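Enquirer: Below you'll find final_22.cif; it's mmCIF, C-alpha atoms.
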```cif
data_my_file
loop_
_atom_site.group_PDB
_atom_site.id
_atom_site.type_symbol
_atom_site.label_atom_id
_atom_site.label_comp_id
_atom_site.auth_asym_id
_atom_site.auth_seq_id
_atom_site.Cartn_x
_atom_site.Cartn_y
_atom_site.Cartn_z
ATOM 1 C CA MET A 1 -4.370 9.569 -22.026
ATOM 2 C CA LEU A 2 -4.150 11.921 -19.075
ATOM 3 C CA VAL A 3 -4.383 10.142 -15.720
ATOM 4 C CA THR A 4 -5.493 12.047 -12.631
ATOM 5 C CA GLY A 5 -5.177 10.714 -9.093
ATOM 6 C CA LEU A 6 -7.151 12.001 -6.108
ATOM 7 C CA GLN A 7 -5.001 11.860 -2.976
ATOM 8 C CA PHE A 8 -6.983 12.914 0.093
ATOM 9 C CA ASP A 9 -8.032 12.132 3.658
ATOM 10 C CA ILE A 10 -10.933 9.663 3.458
ATOM 11 C CA ALA A 11 -13.623 10.259 6.085
ATOM 12 C CA TRP A 12 -14.013 7.032 8.054
ATOM 13 C CA GLU A 13 -17.091 5.125 6.869
ATOM 14 C CA ASP A 14 -18.631 8.416 5.728
ATOM 15 C CA LYS A 15 -19.405 8.373 2.023
ATOM 16 C CA PRO A 16 -21.081 11.796 1.721
ATOM 17 C CA THR A 17 -18.144 13.580 3.356
ATOM 18 C CA SER A 18 -15.520 11.647 1.394
ATOM 19 C CA GLN A 19 -17.338 12.207 -1.878
ATOM 20 C CA SER A 20 -17.610 15.913 -1.117
ATOM 21 C CA ARG A 21 -13.834 16.038 -0.623
ATOM 22 C CA MET A 22 -13.276 14.383 -3.992
ATOM 23 C CA ASP A 23 -15.761 16.745 -5.625
ATOM 24 C CA GLU A 24 -13.859 19.730 -4.223
ATOM 25 C CA LEU A 25 -10.559 18.435 -5.596
ATOM 26 C CA LEU A 26 -12.015 17.917 -9.053
ATOM 27 C CA ALA A 27 -13.805 21.265 -9.066
ATOM 28 C CA ALA A 28 -10.553 23.044 -8.202
ATOM 29 C CA SER A 29 -8.665 21.316 -11.019
ATOM 30 C CA PRO A 30 -11.127 19.865 -13.557
ATOM 31 C CA PRO A 31 -9.620 17.071 -15.653
ATOM 32 C CA PRO A 32 -9.985 17.371 -19.423
ATOM 33 C CA ALA A 33 -12.503 15.147 -21.170
ATOM 34 C CA GLY A 34 -11.159 11.674 -21.861
ATOM 35 C CA SER A 35 -8.976 11.544 -18.748
ATOM 36 C CA LEU A 36 -8.863 8.633 -16.314
ATOM 37 C CA ILE A 37 -9.596 9.591 -12.697
ATOM 38 C CA VAL A 38 -8.233 7.207 -10.029
ATOM 39 C CA THR A 39 -9.246 7.197 -6.350
ATOM 40 C CA PRO A 40 -7.670 5.344 -3.386
ATOM 41 C CA GLU A 41 -8.685 1.910 -2.117
ATOM 42 C CA LEU A 42 -12.223 1.845 -0.678
ATOM 43 C CA GLY A 43 -12.173 5.467 -1.682
ATOM 44 C CA ASP A 44 -15.138 6.857 0.209
ATOM 45 C CA VAL A 45 -15.096 4.804 3.437
ATOM 46 C CA GLY A 46 -11.477 3.948 4.232
ATOM 47 C CA PHE A 47 -9.956 0.533 4.911
ATOM 48 C CA SER A 48 -12.923 -0.806 6.853
ATOM 49 C CA ARG A 49 -13.835 -4.412 7.602
ATOM 50 C CA ASN A 50 -17.304 -3.367 8.777
ATOM 51 C CA VAL A 51 -18.834 -4.529 5.533
ATOM 52 C CA ASN A 52 -22.431 -4.479 6.750
ATOM 53 C CA ASP A 53 -22.065 -0.748 7.374
ATOM 54 C CA ILE A 54 -20.396 0.276 4.116
ATOM 55 C CA ILE A 55 -21.980 -1.731 1.300
ATOM 56 C CA ASP A 56 -24.610 0.179 -0.665
ATOM 57 C CA ASP A 57 -24.991 1.778 -4.105
ATOM 58 C CA LEU A 58 -23.671 5.228 -3.190
ATOM 59 C CA SER A 59 -20.114 4.608 -4.405
ATOM 60 C CA MET A 60 -21.189 3.465 -7.857
ATOM 61 C CA THR A 61 -23.674 6.328 -8.062
ATOM 62 C CA TRP A 62 -20.907 8.847 -7.319
ATOM 63 C CA ALA A 63 -18.578 7.279 -9.890
ATOM 64 C CA ALA A 64 -21.264 7.374 -12.584
ATOM 65 C CA ALA A 65 -22.198 10.988 -11.880
ATOM 66 C CA THR A 66 -18.551 12.073 -11.832
ATOM 67 C CA ALA A 67 -17.768 10.268 -15.080
ATOM 68 C CA ARG A 68 -20.686 11.971 -16.816
ATOM 69 C CA LYS A 69 -19.905 15.391 -15.352
ATOM 70 C CA TYR A 70 -16.320 15.443 -16.595
ATOM 71 C CA SER A 71 -16.691 13.109 -19.620
ATOM 72 C CA CYS A 72 -13.953 10.972 -18.089
ATOM 73 C CA TRP A 73 -13.323 7.415 -17.072
ATOM 74 C CA VAL A 74 -13.428 6.934 -13.310
ATOM 75 C CA GLN A 75 -11.727 4.162 -11.338
ATOM 76 C CA HIS A 76 -13.248 4.118 -7.878
ATOM 77 C CA GLY A 77 -12.898 1.691 -4.970
ATOM 78 C CA TRP A 78 -15.759 0.212 -2.957
ATOM 79 C CA ALA A 79 -16.877 -2.933 -1.141
ATOM 80 C CA GLU A 80 -19.583 -5.213 -2.511
ATOM 81 C CA TRP A 81 -21.038 -8.568 -1.595
ATOM 82 C CA ALA A 82 -19.609 -11.784 -2.978
ATOM 83 C CA SER A 83 -22.013 -14.248 -4.556
ATOM 84 C CA ASP A 84 -22.718 -15.981 -1.232
ATOM 85 C CA GLY A 85 -24.068 -12.751 0.243
ATOM 86 C CA THR A 86 -22.143 -13.162 3.496
ATOM 87 C CA ARG A 87 -18.604 -12.251 2.442
ATOM 88 C CA ALA A 88 -17.416 -9.090 0.718
ATOM 89 C CA LEU A 89 -15.084 -8.232 -2.156
ATOM 90 C CA ASN A 90 -12.687 -5.280 -2.170
ATOM 91 C CA THR A 91 -13.444 -3.787 -5.566
ATOM 92 C CA ALA A 92 -12.054 -1.336 -8.103
ATOM 93 C CA GLY A 93 -14.628 -0.495 -10.752
ATOM 94 C CA ILE A 94 -14.080 1.477 -13.945
ATOM 95 C CA THR A 95 -16.950 3.624 -15.202
ATOM 96 C CA ASN A 96 -16.984 5.072 -18.731
ATOM 97 C CA PRO A 97 -17.717 8.718 -19.659
ATOM 98 C CA ASP A 98 -21.383 7.861 -20.234
ATOM 99 C CA GLY A 99 -21.665 6.759 -16.607
ATOM 100 C CA ASP A 100 -21.850 3.040 -17.381
ATOM 101 C CA LEU A 101 -19.875 0.589 -15.247
ATOM 102 C CA MET A 102 -17.526 -1.231 -17.637
ATOM 103 C CA GLY A 103 -16.387 -3.866 -15.159
ATOM 104 C CA ARG A 104 -14.949 -4.643 -11.745
ATOM 105 C CA TYR A 105 -11.653 -5.962 -10.460
ATOM 106 C CA HIS A 106 -11.634 -7.696 -7.072
ATOM 107 C CA LYS A 107 -8.486 -7.535 -4.950
ATOM 108 C CA THR A 108 -6.444 -10.700 -5.413
ATOM 109 C CA PHE A 109 -4.478 -10.455 -2.169
ATOM 110 C CA PRO A 110 -6.435 -9.407 0.950
ATOM 111 C CA PHE A 111 -4.060 -8.006 3.576
ATOM 112 C CA ALA A 112 -4.023 -10.815 6.159
ATOM 113 C CA PHE A 113 -1.638 -8.894 8.444
ATOM 114 C CA ALA A 114 -4.517 -6.436 9.044
ATOM 115 C CA ARG A 115 -7.143 -9.239 9.061
ATOM 116 C CA GLU A 116 -8.706 -8.116 5.795
ATOM 117 C CA HIS A 117 -9.242 -11.752 4.862
ATOM 118 C CA GLU A 118 -11.700 -12.119 7.734
ATOM 119 C CA ALA A 119 -14.206 -9.917 5.896
ATOM 120 C CA TYR A 120 -13.143 -10.001 2.243
ATOM 121 C CA ASP A 121 -12.708 -12.864 -0.210
ATOM 122 C CA SER A 122 -9.954 -12.947 -2.841
ATOM 123 C CA GLY A 123 -10.635 -12.082 -6.439
ATOM 124 C CA ASP A 124 -9.851 -14.724 -9.039
ATOM 125 C CA ALA A 125 -9.174 -12.800 -12.258
ATOM 126 C CA ILE A 126 -7.093 -10.090 -13.875
ATOM 127 C CA HIS A 127 -9.217 -7.469 -15.624
ATOM 128 C CA LEU A 128 -8.001 -5.474 -18.625
ATOM 129 C CA PHE A 129 -9.906 -2.394 -19.793
ATOM 130 C CA ASP A 130 -9.466 -0.988 -23.305
ATOM 131 C CA LEU A 131 -9.910 2.762 -22.878
ATOM 132 C CA GLU A 132 -9.889 3.991 -26.469
ATOM 133 C CA GLY A 133 -6.780 2.008 -27.337
ATOM 134 C CA THR A 134 -4.977 2.172 -23.989
ATOM 135 C CA VAL A 135 -5.011 -1.110 -22.063
ATOM 136 C CA VAL A 136 -5.486 -0.378 -18.363
ATOM 137 C CA CYS A 137 -5.159 -2.935 -15.564
ATOM 138 C CA PRO A 138 -6.412 -2.003 -12.075
ATOM 139 C CA PHE A 139 -4.974 -3.508 -8.903
ATOM 140 C CA ILE A 140 -5.521 -2.685 -5.222
ATOM 141 C CA CYS A 141 -3.024 -1.834 -2.449
ATOM 142 C CA TYR A 142 -1.418 -5.072 -1.141
ATOM 143 C CA ASP A 143 -1.432 -6.476 -4.699
ATOM 144 C CA LEU A 144 1.629 -4.246 -5.187
ATOM 145 C CA ARG A 145 3.776 -6.740 -3.248
ATOM 146 C CA PHE A 146 3.136 -9.650 -5.629
ATOM 147 C CA PRO A 147 5.045 -9.170 -8.906
ATOM 148 C CA GLU A 148 3.815 -12.420 -10.422
ATOM 149 C CA LEU A 149 0.310 -10.935 -10.652
ATOM 150 C CA TRP A 150 1.635 -7.936 -12.549
ATOM 151 C CA ARG A 151 3.728 -10.117 -14.833
ATOM 152 C CA LEU A 152 0.693 -12.148 -15.839
ATOM 153 C CA ALA A 153 -1.189 -8.941 -16.609
ATOM 154 C CA THR A 154 1.716 -7.618 -18.674
ATOM 155 C CA ARG A 155 1.804 -10.793 -20.722
ATOM 156 C CA ALA A 156 -1.936 -10.377 -21.289
ATOM 157 C CA GLY A 157 -1.391 -6.884 -22.691
ATOM 158 C CA ALA A 158 -1.486 -4.356 -19.820
ATOM 159 C CA GLU A 159 0.153 -1.014 -20.641
ATOM 160 C CA VAL A 160 -1.032 1.190 -17.773
ATOM 161 C CA PHE A 161 -1.392 -0.181 -14.242
ATOM 162 C CA THR A 162 -3.579 1.686 -11.775
ATOM 163 C CA ILE A 163 -3.497 0.943 -8.083
ATOM 164 C CA GLY A 164 -5.673 2.550 -5.437
ATOM 165 C CA ALA A 165 -4.343 2.088 -1.925
ATOM 166 C CA SER A 166 -4.677 2.652 1.795
ATOM 167 C CA TRP A 167 -0.957 2.179 2.452
ATOM 168 C CA PRO A 168 0.183 3.069 6.001
ATOM 169 C CA SER A 169 2.842 5.711 6.517
ATOM 170 C CA ALA A 170 5.077 3.222 8.356
ATOM 171 C CA ARG A 171 5.881 1.548 5.038
ATOM 172 C CA THR A 172 5.927 4.528 2.670
ATOM 173 C CA HIS A 173 9.407 3.631 1.422
ATOM 174 C CA HIS A 174 8.152 0.178 0.394
ATOM 175 C CA TRP A 175 5.177 1.729 -1.406
ATOM 176 C CA GLN A 176 7.274 4.047 -3.522
ATOM 177 C CA THR A 177 10.048 1.551 -4.206
ATOM 178 C CA LEU A 178 7.655 -1.192 -5.279
ATOM 179 C CA ALA A 179 5.691 1.150 -7.550
ATOM 180 C CA LEU A 180 8.924 2.079 -9.314
ATOM 181 C CA ALA A 181 9.938 -1.571 -9.571
ATOM 182 C CA ARG A 182 6.600 -2.652 -11.047
ATOM 183 C CA ALA A 183 6.902 0.040 -13.731
ATOM 184 C CA ILE A 184 10.493 -0.791 -14.620
ATOM 185 C CA GLU A 185 10.173 -4.571 -14.707
ATOM 186 C CA ASN A 186 6.952 -4.512 -16.765
ATOM 187 C CA GLN A 187 7.900 -1.550 -18.980
ATOM 188 C CA ALA A 188 4.531 -0.011 -18.165
ATOM 189 C CA PHE A 189 3.029 3.074 -16.580
ATOM 190 C CA VAL A 190 2.099 2.743 -12.911
ATOM 191 C CA VAL A 191 -0.474 5.111 -11.432
ATOM 192 C CA ALA A 192 -0.251 4.530 -7.667
ATOM 193 C CA ILE A 193 -2.758 6.581 -5.657
ATOM 194 C CA ASN A 194 -2.678 6.457 -1.864
ATOM 195 C CA ARG A 195 -4.747 8.215 0.793
ATOM 196 C CA THR A 196 -3.669 10.686 3.476
ATOM 197 C CA GLY A 197 -4.849 11.369 7.027
ATOM 198 C CA GLU A 198 -5.622 8.578 9.459
ATOM 199 C CA ASP A 199 -8.306 6.064 10.369
ATOM 200 C CA PRO A 200 -8.996 4.575 13.832
ATOM 201 C CA PHE A 201 -5.937 2.340 13.463
ATOM 202 C CA VAL A 202 -3.042 3.875 11.498
ATOM 203 C CA PRO A 203 -1.867 7.086 9.779
ATOM 204 C CA TYR A 204 -1.349 7.382 6.022
ATOM 205 C CA ALA A 205 1.260 9.530 4.303
ATOM 206 C CA GLY A 206 0.003 9.878 0.743
ATOM 207 C CA GLY A 207 3.137 9.656 -1.372
ATOM 208 C CA SER A 208 1.159 8.856 -4.509
ATOM 209 C CA LEU A 209 3.161 8.650 -7.706
ATOM 210 C CA ILE A 210 2.819 8.195 -11.438
ATOM 211 C CA VAL A 211 5.740 6.353 -13.004
ATOM 212 C CA SER A 212 6.732 5.946 -16.656
ATOM 213 C CA PRO A 213 7.753 2.653 -18.317
ATOM 214 C CA HIS A 214 11.362 3.867 -18.014
ATOM 215 C CA GLY A 215 11.022 4.207 -14.242
ATOM 216 C CA GLU A 216 10.840 8.001 -14.268
ATOM 217 C CA THR A 217 8.571 9.630 -11.701
ATOM 218 C CA LEU A 218 6.202 11.836 -13.714
ATOM 219 C CA ALA A 219 4.220 13.115 -10.725
ATOM 220 C CA SER A 220 4.570 12.627 -6.987
ATOM 221 C CA GLY A 221 2.493 13.505 -3.958
ATOM 222 C CA GLU A 222 3.400 14.800 -0.519
ATOM 223 C CA ASP A 223 1.510 13.958 2.684
ATOM 224 C CA PHE A 224 -1.491 16.234 2.122
ATOM 225 C CA THR A 225 -4.595 16.422 -0.062
ATOM 226 C CA GLN A 226 -3.769 17.048 -3.707
ATOM 227 C CA ILE A 227 -4.384 16.035 -7.305
ATOM 228 C CA LEU A 228 -1.661 14.357 -9.355
ATOM 229 C CA SER A 229 -1.788 14.275 -13.149
ATOM 230 C CA ALA A 230 0.467 12.998 -15.914
ATOM 231 C CA GLU A 231 0.218 11.799 -19.475
ATOM 232 C CA ALA A 232 0.231 8.007 -19.907
ATOM 233 C CA ASP A 233 0.762 7.537 -23.636
ATOM 234 C CA PRO A 234 0.660 3.816 -24.484
ATOM 235 C CA GLU A 235 2.961 4.452 -27.437
ATOM 236 C CA VAL A 236 5.729 5.216 -24.943
ATOM 237 C CA ALA A 237 5.336 1.766 -23.394
ATOM 238 C CA ARG A 238 5.105 0.078 -26.790
ATOM 239 C CA ALA A 239 8.189 1.844 -28.111
ATOM 240 C CA TRP A 240 10.278 1.019 -25.040
ATOM 241 C CA ARG A 241 9.207 -2.610 -25.151
ATOM 242 C CA GLY A 242 10.311 -2.692 -28.784
ATOM 243 C CA ASP A 243 13.618 -0.906 -28.208
ATOM 244 C CA PHE A 244 14.551 -3.008 -25.176
ATOM 245 C CA PRO A 245 12.569 -6.268 -25.516
ATOM 246 C CA CYS A 246 13.370 -7.879 -22.176
ATOM 247 C CA LEU A 247 9.751 -9.035 -21.811
ATOM 248 C CA ASP A 248 10.420 -11.440 -24.682
ATOM 249 C CA ASP A 249 12.709 -13.393 -22.352
ATOM 250 C CA ILE A 250 10.033 -14.185 -19.764
ATOM 251 C CA LYS A 251 9.702 -17.900 -19.003
ATOM 252 C CA PRO A 252 5.913 -18.410 -18.835
ATOM 253 C CA ASP A 253 6.252 -21.793 -17.130
ATOM 254 C CA LEU A 254 7.549 -20.019 -14.021
ATOM 255 C CA LEU A 255 4.484 -17.797 -13.705
ATOM 256 C CA GLY A 256 1.512 -20.114 -13.473
ATOM 257 C CA ALA A 257 -1.814 -18.898 -14.836
ATOM 258 C CA MET A 258 -4.791 -16.730 -13.920
ATOM 259 C CA LYS A 259 -8.052 -15.972 -15.659
ATOM 260 C CA VAL A 260 -8.017 -12.761 -17.712
ATOM 261 C CA ILE A 261 -11.234 -10.843 -18.404
ATOM 262 C CA ARG A 262 -11.231 -8.119 -21.055
ATOM 263 C CA HIS A 263 -13.569 -5.145 -21.135
#
```
Could you quickly redo this structure as structure tokens?
Expert:
Amino acid sequence: MLVTGLQFDIAWEDKPTSQSRMDELLAASPPPAGSLIVTPELGDVGFSRNVNDIIDDLSMTWAAATARKYSCWVQHGWAEWASDGTRALNTAGITNPDGDLMGRYHKTFPFAFAREHEAYDSGDAIHLFDLEGTVVCPFICYDLRFPELWRLATRAGAEVFTIGASWPSARTHHWQTLALARAIENQAFVVAINRTGEDPFVPYAGGSLIVSPHGETLASGEDFTQILSAEADPEVARAWRGDFPCLDDIKPDLLGAMKVIRH
């Protein structure tokens, strides 16, 4: 499966402008049918806690239209209401090539340092998506710092991890180092897509990367708008896990448990 990441400057709380920027990227370098397109965290509004201003159906509508246009899967980030209707969930949804929403992952670890938890609730499940035989597991930004979450997903069958982010430029080295570590320790692909530009609070440096199960960087971004693409063949992960079966030595009792939902 070809994975394609859209690294760009998200227009603050402006979905039409942000979606136009993504459309321009895709039009300039159309992904082949059957690819997986990945956008950054909260990909058409930025890392906003103003949930009353950003929750609507426009993000899902864009994802569905884009999936149909390119006959691709689309992982897009948006905010949606939790069941109580007063709190929000930071969401990564995957839409199939027919434009149907397959399912949603909700960010497990809101970024308390930036007060995300004041507006967003935590998700309570790992979601695995079978995309024609490739098992994809989406995570979001700050989730990258919690390896136990990734380990549980690996044990459940994840082969390709996707992570959309709004990761500040001040910690770019952490972003890239942790993405490499998550790939190496889980013998999986990691597709880590960050934004560029700035919002009212901090600048972002891009630095997106796609990493192989061996820890090789297959594609890397600079600090400007660009598309990244690389092949994520699940057979590579399966073969490496067979040749060097360190995952067999995991001690499950040390990990705890989390609900896993399969799509």
Enquirer: Give me, as number ranges by chain, all polymer residues having an atom no more than 10 Å from segment 135-142 of chain A, counting all atoms listed in the file and skipping those fewer than 2 positions away in the same chain.
Expert: A: 36, 38, 40-42, 75, 77, 90-94, 104-112, 126-133, 144-146, 149-150, 153-154, 156-167, 175, 189-194, 234, 262-263
Enquirer: Which residue is closest to Met1 of chain A? Choose from A:Leu25, A:Leu180, A:Leu218, A:Ala33 and count all atoms listed in the file.
Expert: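 Distance minimum relative to Met1 of chain A lands on A:Ala33.
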Enquirer: To one decimal place, how far is atom CA of Trp73 of chain A from atom CA of Asp98 of chain A in Å?
Expert: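 Pair atom CA of Trp73 of chain A / atom CA of Asp98 of chain A returns 8.7 Å.
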Enquirer: Can you spell out as a PDB file with C-alpha atoms, in the frame of the given file the set of residues that the PyMOL selection byres ((chain A and resi 57-65) around 8) selects in the structure I just provided?
Expert:
```pdb
ATOM      1  CA  LYS A  15     -19.405   8.373   2.023  1.00  0.00           C
ATOM      2  CA  GLN A  19     -17.338  12.207  -1.878  1.00  0.00           C
ATOM      3  CA  ASP A  44     -15.138   6.857   0.209  1.00  0.00           C
ATOM      4  CA  ILE A  55     -21.980  -1.731   1.300  1.00  0.00           C
ATOM      5  CA  ASP A  56     -24.610   0.179  -0.665  1.00  0.00           C
ATOM      6  CA  THR A  66     -18.551  12.073 -11.832  1.00  0.00           C
ATOM      7  CA  ALA A  67     -17.768  10.268 -15.080  1.00  0.00           C
ATOM      8  CA  ARG A  68     -20.686  11.971 -16.816  1.00  0.00           C
ATOM      9  CA  LYS A  69     -19.905  15.391 -15.352  1.00  0.00           C
ATOM     10  CA  VAL A  74     -13.428   6.934 -13.310  1.00  0.00           C
ATOM     11  CA  GLN A  75     -11.727   4.162 -11.338  1.00  0.00           C
ATOM     12  CA  HIS A  76     -13.248   4.118  -7.878  1.00  0.00           C
ATOM     13  CA  GLY A  77     -12.898   1.691  -4.970  1.00  0.00           C
ATOM     14  CA  TRP A  78     -15.759   0.212  -2.957  1.00  0.00           C
ATOM     15  CA  THR A  95     -16.950   3.624 -15.202  1.00  0.00           C
ATOM     16  CA  ASN A  96     -16.984   5.072 -18.731  1.00  0.00           C
ATOM     17  CA  ASP A  98     -21.383   7.861 -20.234  1.00  0.00           C
ATOM     18  CA  GLY A  99     -21.665   6.759 -16.607  1.00  0.00           C
ATOM     19  CA  ASP A 100     -21.850   3.040 -17.381  1.00  0.00           C
ATOM     20  CA  LEU A 101     -19.875   0.589 -15.247  1.00  0.00           C
TER      21      LEU A 101
END
```
Enquirer: Taking all atoms of segment 231-243 of chain A that the file lists, what box with edges along x, y and z, padded by 6 Å per side, do you get, with centre and edge lengths in Å to one decimal, as JSON?
Expert:
```
{"center_x": 6.9, "center_y": 4.6, "center_z": -24.1, "size_x": 25.4, "size_y": 26.5, "size_z": 21.3}
```
Enquirer: Which residue out of A:Arg49, A:Ala239, A:Glu13, A:Pro97 has the minimum interatomic distance to Arg115 of chain A when all atoms listed in the file are used?
Expert: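 Among the listed residues, the smallest separation from Arg115 of chain A belongs to A:Arg49.
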Enquirer: A:Asp9, A:Ala125, A:Ile184, A:Ala219: which is nearest Lys259 of chain A, counting all atoms listed in the file?
Expert: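 That would be A:Ala125, the residue with the smallest distance to Lys259 of chain A.
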